[in-house]
file work.cif (mmCIF, C-alpha atoms)
data_query
#
loop_
_atom_site.label_atom_id
_atom_site.label_comp_id
_atom_site.auth_asym_id
_atom_site.auth_seq_id
_atom_site.Cartn_x
_atom_site.Cartn_y
_atom_site.Cartn_z
CA MET A 27 -25.56 -79.95 -21.89
CA ALA A 28 -25.25 -83.25 -23.71
CA SER A 29 -25.55 -81.59 -27.10
CA SER A 30 -22.87 -79.06 -26.19
CA VAL A 31 -20.50 -81.83 -25.10
CA ALA A 32 -21.28 -83.85 -28.22
CA LEU A 33 -20.58 -80.85 -30.48
CA THR A 34 -17.35 -80.12 -28.62
CA LEU A 35 -16.16 -83.72 -28.98
CA LEU A 36 -17.20 -83.73 -32.66
CA GLY A 37 -15.29 -80.50 -33.31
CA LEU A 38 -12.17 -81.81 -31.58
CA LEU A 39 -12.38 -85.10 -33.44
CA MET A 40 -12.76 -83.27 -36.75
CA MET A 41 -9.68 -81.17 -35.92
CA PHE A 42 -7.73 -84.30 -35.12
CA ILE A 43 -8.66 -86.14 -38.33
CA SER A 44 -8.78 -83.15 -40.68
CA ARG A 45 -6.61 -83.50 -43.76
CA ASP A 46 -7.48 -80.20 -45.45
CA SER A 47 -8.27 -76.64 -44.51
CA TYR A 48 -11.98 -77.02 -45.30
CA MET A 49 -12.49 -79.67 -42.65
CA LEU A 50 -10.37 -77.73 -40.18
CA VAL A 51 -12.42 -74.56 -40.73
CA SER A 52 -15.63 -76.62 -40.40
CA SER A 53 -14.42 -77.95 -37.05
CA PHE A 54 -13.70 -74.40 -35.87
CA LEU A 55 -17.23 -73.42 -36.89
CA ILE A 56 -18.68 -76.34 -34.95
CA LEU A 57 -16.65 -75.40 -31.89
CA GLY A 58 -17.17 -71.67 -32.23
CA VAL A 59 -20.88 -71.08 -32.37
CA PRO A 60 -23.11 -73.75 -30.84
CA PRO A 61 -21.29 -75.04 -27.77
CA HIS A 62 -18.81 -72.30 -26.95
CA GLY A 63 -20.29 -69.15 -28.42
CA LEU A 64 -23.37 -69.62 -26.26
CA THR A 65 -21.57 -70.61 -23.06
CA TYR A 66 -21.23 -67.12 -21.61
CA PRO A 67 -24.82 -65.88 -22.14
CA VAL A 68 -26.36 -69.18 -21.05
CA SER A 69 -24.14 -69.29 -17.95
CA VAL A 70 -25.16 -65.77 -16.94
CA VAL A 71 -28.84 -66.67 -17.32
CA GLN A 72 -28.32 -69.85 -15.30
CA LEU A 73 -26.60 -67.91 -12.53
CA SER A 74 -29.44 -65.40 -12.38
CA ARG A 75 -32.03 -68.18 -12.19
CA THR A 76 -30.18 -70.31 -9.68
CA PHE A 77 -29.21 -67.76 -7.03
CA ASP A 78 -31.35 -65.26 -5.20
CA GLU A 79 -30.35 -61.59 -5.25
CA SER A 80 -28.21 -61.82 -2.11
CA GLY A 81 -26.09 -64.70 -3.47
CA ARG A 82 -25.97 -63.62 -7.10
CA ALA A 83 -23.05 -61.21 -6.70
CA ALA A 84 -20.89 -63.85 -5.02
CA ALA A 85 -21.82 -66.45 -7.64
CA ASN A 86 -21.03 -64.03 -10.48
CA SER A 87 -17.68 -63.15 -8.88
CA LEU A 88 -16.74 -66.80 -8.50
CA PHE A 89 -17.87 -67.65 -12.03
CA PHE A 90 -15.96 -64.80 -13.64
CA SER A 91 -12.87 -65.48 -11.51
CA VAL A 92 -12.78 -69.07 -12.72
CA MET A 93 -13.36 -67.93 -16.32
CA MET A 94 -10.50 -65.41 -16.10
CA ILE A 95 -8.13 -67.97 -14.59
CA LEU A 96 -8.98 -70.44 -17.35
CA SER A 97 -8.66 -67.76 -20.02
CA SER A 98 -5.21 -66.87 -18.71
CA ALA A 99 -3.81 -70.31 -17.94
CA LEU A 100 -5.16 -72.51 -20.73
CA PRO A 101 -3.41 -70.82 -23.69
CA PHE A 102 -0.08 -71.20 -21.88
CA LEU A 103 -0.72 -74.83 -20.92
CA LEU A 104 -2.05 -75.78 -24.33
CA GLY A 105 0.92 -74.06 -25.96
CA LEU A 106 3.23 -76.28 -23.91
CA LEU A 107 1.19 -79.31 -24.90
CA VAL A 108 1.42 -78.39 -28.58
CA SER A 109 5.17 -77.87 -28.35
CA TYR A 110 5.62 -81.38 -26.93
CA ILE A 111 3.13 -83.51 -28.87
CA GLY A 112 2.09 -81.34 -31.82
CA ILE A 113 -1.12 -79.58 -32.65
CA ARG A 114 -2.96 -82.58 -34.10
CA LEU A 115 -2.41 -84.77 -31.04
CA SER A 116 -3.22 -81.88 -28.70
CA PHE A 117 -6.78 -81.83 -30.08
CA ALA A 118 -7.04 -85.57 -29.44
CA ALA A 119 -5.67 -85.10 -25.92
CA LEU A 120 -8.47 -82.64 -25.14
CA MET A 121 -11.24 -85.14 -25.92
CA PRO A 122 -10.87 -87.27 -22.74
CA VAL A 123 -10.58 -84.07 -20.68
CA VAL A 124 -13.87 -82.76 -22.12
CA ALA A 125 -15.54 -86.12 -21.52
CA ALA A 126 -14.28 -86.27 -17.90
CA ILE A 127 -15.49 -82.74 -17.18
CA ALA A 128 -18.89 -83.58 -18.69
CA VAL A 129 -19.21 -86.70 -16.51
CA ALA A 130 -18.22 -84.72 -13.39
CA LEU A 131 -20.67 -81.95 -14.23
CA ALA A 132 -23.49 -84.44 -14.84
CA ALA A 133 -22.79 -86.10 -11.48
CA SER A 134 -22.74 -82.70 -9.79
CA ILE A 135 -26.06 -81.75 -11.36
CA ARG A 136 -27.62 -85.06 -10.26
CA SER A 137 -26.44 -84.52 -6.69
CA LEU A 138 -27.79 -80.96 -6.68
CA GLN A 139 -31.16 -82.12 -8.00
CA GLY A 140 -31.49 -84.32 -4.94
CA MET A 141 -31.08 -81.35 -2.58
CA PRO A 142 -34.16 -79.78 -1.00
CA GLU A 143 -35.54 -76.60 -2.56
CA ARG A 144 -34.67 -73.22 -1.08
CA GLY A 145 -37.48 -71.81 1.03
CA GLY A 146 -39.34 -68.72 -0.23
CA ALA A 147 -38.86 -66.64 -3.30
CA ALA A 148 -36.20 -63.96 -3.54
CA GLY A 149 -37.41 -60.55 -2.53
CA THR A 150 -40.55 -61.70 -0.70
CA GLN A 151 -41.33 -60.48 2.77
CA GLY A 152 -43.01 -62.44 5.46
CA GLY A 153 -46.00 -60.87 7.14
#

call {"tool": "encode", "arguments": {"input": "work.cif", "output": "structure tokens"}}
result
Amino acid sequence: MASSVALTLLGLLMMFISRDSYMLVSSFLILGVPPHGLTYPVSVVQLSRTFDESGRAAANSLFFSVMMILSSALPFLLGLLVSYIGIRLSFAALMPVVAAIAVALAASIRSLQGMPERGGAAGTQGG
């Protein structure tokens, strides 16, 4: 997770400071493949490993609902942001948001690691 956040922040910083199209394209490449291009497949694997079969459908539904809401709302909101402060500053404005989300996610993971394990493996029957 830390490497993904670091690459995201690096890509946004490069977009903010880019002075030519080569650096801008490089920042898109950094943002496109490592942190964000792998988010969907890694998330699906994590969901399948975290939840047993009975809870997996609900977890997938919630995950994809959040992803669809973000995919619908963020372009509109970021478009408003760009129209008010410009595209260069909008990349800079995203950096603290990414950092805050990363800190919240890390705290959430730490709190979940302290929870007791689920009893039994999925699909096993008692006898």

call {"tool": "resolve_selection", "arguments": {"input": "work.cif", "expression": "the PyMOL selection byres ((chain A and resi 119-134) around 12)", "output": "number ranges by chain"}}
result
A: 27-42, 100, 103-104, 107-108, 110-118, 135-141

call {"tool": "atom_distance", "arguments": {"input": "work.cif", "atom1": "CA of Ser52 in chain A", "atom2": "CA of Leu64 in chain A"}}
result
17.6 Å

call {"tool": "atom_distance", "arguments": {"input": "work.cif", "atom1": "CA of Thr65 in chain A", "atom2": "CA of Val51 in chain A"}}
result
20.3 Å

call {"tool": "atom_distance", "arguments": {"input": "work.cif", "atom1": "CA of Gly58 in chain A", "atom2": "CA of Ser97 in chain A"}}
result
15.4 Å
